[in-house]
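Engineer: Got a structure here, written out as structure tokens. Questions coming.
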Amino acid sequence: MALTIKQRVLLFSVVIAVMVSFLLFFYMAPIQIKVPKIQGITLKNSKILANFLLTDHLGHPVRRKYFLGQWHFIAYGYTHCPDICPTTLFTLSQVADLITTANHNHNTMFIFYSVDPNRDSQKVLAQYINYFSKQFVAVRADTTVDAEIFQQSLGIKVDIDINRAEGGEGVELVNGDSNSSNYQVSHGLAIYLINPDAELQAVFLPEVTELGMTAFDSEEIFKDYLRVIKYYQKRK
């Protein structure tokens, strides 16, 4: 039986409504973006940094807004560290070279945070960081409160053992006059990647070598860095 004009119009309207509904569902449904696997952890939902106040090696204040608009690598340690800290910074200098050579410079900066501000003065940090790169920035906390806020925001683990100070004397930390400069500092080993929204986006962890040593590989960090950036861009 032939359809009337009214029935044809109604049927056509139903078909159009179904198609529109399908298209709306297709384009508005949340896109599942796979979190990239890296040598470490990519945060599915980035973590906003806390409000803190640090000082860089030139004496400039560094607050949360400092990290807006650029990618930042953050390594941490102390200048008296004999091996791990300088090795990590040297590896990051290689990463910086790889980024520049590959023309993938997404306005990326490199930060070294001192967990030992008692000995790592602004002057000491300025001299130390230049050994690795003129473009790197070293920062320190001026108070124990600022240190705790920043370290907890990233999950930095550090232990300063005042009981191992020379002669068993105590140590006044952060802007205090220490009774001894010979004390034990131990800390974790990780490199943090902050996205342009001033949020923690990824944590790079070291590999364990055949000799049982922990170390970072510059090429792996570079590749993982690109994976994280791609993930961030897709999420945006």
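Going by the structure tokens order, chains are called A, B, ..., each with residues numbered from 1, while ligands are numbered from 1 in the order shown.
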Can you tell me which residues surround A:Arg140 at a distance of at most 7 Å, considering only C-alpha atoms, apart from same-chain residues fewer than 5 positions away, and format the answer as a PyMOL selection string?
Structural biologist: chain A and resi 54-56+113-114+117
Engineer: As a list of chain:residue names, please: the residues near A:Asp224 (cut-off 7 Å, only C-alpha atoms, same-chain neighbours under 4 positions excluded).
Structural biologist: A:Ile38, A:Glu220, A:Val228
Engineer: For the selection just defined, write its residues with N, CA and C atoms to a file, as a JSON list (two decimals), in the first residue's frame.
Structural biologist:
```json
[["chain", "number", "residue", "atom", "x", "y", "z"],
["A", 38, "ILE", "N", 55.05, 4.66, 30.24],
["A", 38, "ILE", "CA", 56.37, 5.26, 30.25],
["A", 38, "ILE", "C", 57.22, 4.58, 31.32],
["A", 220, "GLU", "N", 65.26, 7.51, 26.58],
["A", 220, "GLU", "CA", 63.98, 7.00, 27.05],
["A", 220, "GLU", "C", 63.13, 8.13, 27.64],
["A", 228, "VAL", "N", 53.90, 11.76, 26.63],
["A", 228, "VAL", "CA", 53.09, 12.48, 27.62],
["A", 228, "VAL", "C", 52.50, 13.75, 27.01]]
```
Engineer: Going by DSSP on the backbone, which residues of stretch 60-232 of chain A come out as strand (DSSP E or B)? List them as a short mmCIF file (atom, residue, chain, number, x, y, z; two decimals) with N, CA and C atoms, in the first residue's frame.
Structural biologist:
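What ended up in selection38.cif:
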```cif
data_model
loop_
_atom_site.label_atom_id
_atom_site.label_comp_id
_atom_site.auth_asym_id
_atom_site.auth_seq_id
_atom_site.Cartn_x
_atom_site.Cartn_y
_atom_site.Cartn_z
N PRO A 61 61.64 35.25 42.99
CA PRO A 61 60.64 34.38 43.60
C PRO A 61 60.04 33.43 42.57
N VAL A 62 59.74 32.22 43.01
CA VAL A 62 59.14 31.20 42.15
C VAL A 62 57.88 30.70 42.84
N LEU A 68 53.17 28.14 34.71
CA LEU A 68 52.11 28.25 33.72
C LEU A 68 52.68 28.54 32.33
N TRP A 71 56.18 23.61 29.65
CA TRP A 71 56.48 22.31 30.25
C TRP A 71 57.72 22.47 31.11
N HIS A 72 57.74 21.80 32.26
CA HIS A 72 58.89 21.88 33.16
C HIS A 72 59.28 20.48 33.65
N PHE A 73 60.55 20.16 33.51
CA PHE A 73 61.12 19.01 34.20
C PHE A 73 61.61 19.48 35.56
N ILE A 74 61.34 18.71 36.59
CA ILE A 74 61.85 19.04 37.92
C ILE A 74 62.61 17.84 38.47
N ALA A 75 63.91 18.06 38.73
CA ALA A 75 64.72 17.07 39.42
C ALA A 75 65.02 17.63 40.81
N TYR A 76 65.41 16.78 41.73
CA TYR A 76 65.71 17.28 43.06
C TYR A 76 66.91 16.56 43.65
N GLY A 77 67.54 17.22 44.61
CA GLY A 77 68.73 16.66 45.25
C GLY A 77 69.44 17.73 46.03
N THR A 108 60.07 24.16 26.85
CA THR A 108 60.36 23.29 27.99
C THR A 108 61.51 23.83 28.82
N MET A 109 61.31 23.85 30.14
CA MET A 109 62.31 24.33 31.07
C MET A 109 62.75 23.19 31.99
N PHE A 110 63.93 23.37 32.61
CA PHE A 110 64.49 22.36 33.49
C PHE A 110 64.82 22.99 34.84
N ILE A 111 64.29 22.38 35.90
CA ILE A 111 64.42 22.92 37.24
C ILE A 111 65.13 21.91 38.15
N PHE A 112 66.04 22.42 38.98
CA PHE A 112 66.66 21.60 40.02
C PHE A 112 66.26 22.17 41.37
N TYR A 113 65.57 21.35 42.18
CA TYR A 113 65.12 21.77 43.50
C TYR A 113 66.05 21.20 44.56
N SER A 114 66.60 22.07 45.40
CA SER A 114 67.49 21.62 46.46
C SER A 114 66.69 21.20 47.69
N VAL A 137 67.50 26.08 35.78
CA VAL A 137 67.18 26.93 36.92
C VAL A 137 67.23 26.09 38.19
N ALA A 138 67.91 26.62 39.21
CA ALA A 138 67.95 25.95 40.51
C ALA A 138 67.10 26.75 41.49
N VAL A 139 66.33 26.05 42.31
CA VAL A 139 65.45 26.71 43.27
C VAL A 139 65.63 26.12 44.66
N ARG A 140 65.27 26.89 45.65
CA ARG A 140 65.36 26.46 47.05
C ARG A 140 64.21 27.07 47.83
N ALA A 141 63.88 26.47 48.96
CA ALA A 141 62.87 27.03 49.85
C ALA A 141 63.57 27.85 50.92
N VAL A 158 62.46 13.05 51.34
CA VAL A 158 63.80 13.45 51.77
C VAL A 158 63.93 13.26 53.27
N ASP A 159 65.12 12.87 53.70
CA ASP A 159 65.39 12.70 55.12
C ASP A 159 66.77 13.28 55.42
N ILE A 160 66.80 14.25 56.32
CA ILE A 160 68.05 14.87 56.75
C ILE A 160 68.33 14.41 58.17
N ASP A 161 69.38 13.63 58.35
CA ASP A 161 69.69 13.00 59.62
C ASP A 161 70.63 13.87 60.43
N GLN A 184 74.00 13.90 57.16
CA GLN A 184 73.56 12.96 56.14
C GLN A 184 72.23 13.40 55.52
N VAL A 185 72.18 13.39 54.19
CA VAL A 185 70.94 13.68 53.46
C VAL A 185 70.62 12.49 52.56
N SER A 186 69.41 11.98 52.68
CA SER A 186 68.98 10.91 51.77
C SER A 186 67.65 11.31 51.16
N HIS A 187 67.43 10.90 49.92
CA HIS A 187 66.20 11.28 49.23
C HIS A 187 65.85 10.26 48.16
N ILE A 191 62.01 12.12 38.53
CA ILE A 191 61.97 13.37 37.77
C ILE A 191 60.51 13.65 37.46
N TYR A 192 60.08 14.85 37.75
CA TYR A 192 58.67 15.22 37.57
C TYR A 192 58.50 16.07 36.31
N LEU A 193 57.37 15.87 35.65
CA LEU A 193 57.04 16.66 34.47
C LEU A 193 55.77 17.45 34.74
N ILE A 194 55.89 18.77 34.70
CA ILE A 194 54.78 19.67 34.96
C ILE A 194 54.23 20.19 33.64
N ASN A 195 52.92 20.10 33.44
CA ASN A 195 52.34 20.57 32.18
C ASN A 195 52.12 22.09 32.20
N ASP A 197 49.67 23.85 32.48
CA ASP A 197 48.63 24.32 33.40
C ASP A 197 49.13 24.32 34.84
N GLU A 199 50.41 21.77 36.46
CA GLU A 199 49.91 20.55 37.07
C GLU A 199 50.92 19.42 36.85
N LEU A 200 51.05 18.57 37.84
CA LEU A 200 51.91 17.40 37.71
C LEU A 200 51.27 16.43 36.72
N GLN A 201 51.99 16.14 35.63
CA GLN A 201 51.44 15.29 34.57
C GLN A 201 52.08 13.91 34.53
N ALA A 202 53.36 13.83 34.90
CA ALA A 202 54.04 12.53 34.84
C ALA A 202 55.21 12.50 35.81
N VAL A 203 55.57 11.28 36.20
CA VAL A 203 56.73 11.06 37.06
C VAL A 203 57.62 10.03 36.38
N PHE A 204 58.85 10.41 36.07
CA PHE A 204 59.79 9.49 35.46
C PHE A 204 60.60 8.81 36.56
N GLU A 207 65.71 3.40 35.77
CA GLU A 207 65.83 1.99 35.46
C GLU A 207 66.86 1.37 36.40
N VAL A 208 66.76 0.07 36.60
CA VAL A 208 67.74 -0.66 37.39
C VAL A 208 68.66 -1.39 36.43
N THR A 214 70.70 2.28 39.92
CA THR A 214 69.55 2.99 39.37
C THR A 214 70.04 4.19 38.57
N ALA A 215 69.46 4.37 37.39
CA ALA A 215 69.90 5.48 36.53
C ALA A 215 68.81 5.79 35.51
#
```
Engineer: Under the rule that only C-alpha atoms are counted, which of A:Leu189, A:Ala198, A:Cys85, A:Ile99 is the nearest residue to A:Ile221?
Structural biologist: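 That would be A:Ile99, the residue with the smallest distance to A:Ile221.
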Engineer: Counting only C-alpha atoms, which residues of stretch 108-172 of chain A fall within 9 Å of stretch 44-50 of chain A, and what is the closest atom pair for each with its distance in Å at one decimal, ordered by chain and rising number, as JSON lines?
Structural biologist:
```
{"residue": "A:Ile149", "atom": "CA", "partner": "A:Ala50", "partner_atom": "CA", "distance": 6.9}
{"residue": "A:Phe150", "atom": "CA", "partner": "A:Ala50", "partner_atom": "CA", "distance": 6.9}
{"residue": "A:Gln152", "atom": "CA", "partner": "A:Ala50", "partner_atom": "CA", "distance": 8.7}
{"residue": "A:Ser153", "atom": "CA", "partner": "A:Ala50", "partner_atom": "CA", "distance": 5.8}
{"residue": "A:Leu154", "atom": "CA", "partner": "A:Leu49", "partner_atom": "CA", "distance": 7.5}
```
Engineer: Would you mind exporting C-alpha atoms of the selected residues as a PDB file, in the first residue's frame?
Structural biologist:
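The result, stored in out.pdb:
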```
ATOM      1  CA  ILE A 149      54.383  22.501  50.901  1.00  0.00           C
ATOM      2  CA  PHE A 150      56.406  22.086  47.710  1.00  0.00           C
ATOM      3  CA  GLN A 152      54.326  17.295  49.554  1.00  0.00           C
ATOM      4  CA  SER A 153      52.778  18.746  46.402  1.00  0.00           C
ATOM      5  CA  LEU A 154      55.067  16.573  44.255  1.00  0.00           C
TER       6      LEU A 154
END
```
Engineer: Quote the spacing between atom CA of A:Tyr183 and atom CA of A:Pro206 in Å to one decimal place.
Structural biologist: 25.7 Å
Engineer: Calculated over only C-alpha atoms, which of the candidates A:His57, A:His80, A:Lys157, A:Arg64 has the smallest distance to A:Lys123?
Structural biologist: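 Using only C-alpha atoms, A:Lys123 sits closest to A:His57.
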Engineer: So what do you get for atom CA of A:Tyr66 versus atom CA of A:Ile229, distance-wise?
Structural biologist: 19.1 Å
Engineer: My list of candidates is A:Lys236, A:Asp116, A:Gln135, A:Gln122. Which is closest to A:Asn182 when distances are computed with only C-alpha atoms?
Structural biologist: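 Nearest candidate to A:Asn182 out of A:Lys236, A:Asp116, A:Gln135, A:Gln122: A:Asp116.
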Engineer: Using only C-alpha atoms, which of the listed residues (A:Arg63, A:Leu53, A:Ile41, A:Lys234) sits closest to A:Asp142?
Structural biologist: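 Result for the nearest residue to A:Asp142: A:Leu53.
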Engineer: Expressed in Å to a single decimal, how great is the separation between atom CA of A:Ser133 and atom CA of A:Ala190?
Structural biologist: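 Taking atom CA of A:Ser133 as the start and atom CA of A:Ala190 as the end point, the length is 19.6 Å.
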Engineer: List the spatial neighbours of A:Leu92 as a VMD selection string - criterion: any atom at most 9 Å away, only C-alpha atoms, same-chain residues fewer than 2 positions off excluded.
Structural biologist: chain A and resid 73 75 87 to 90 94 to 97 110 132 216 218 221
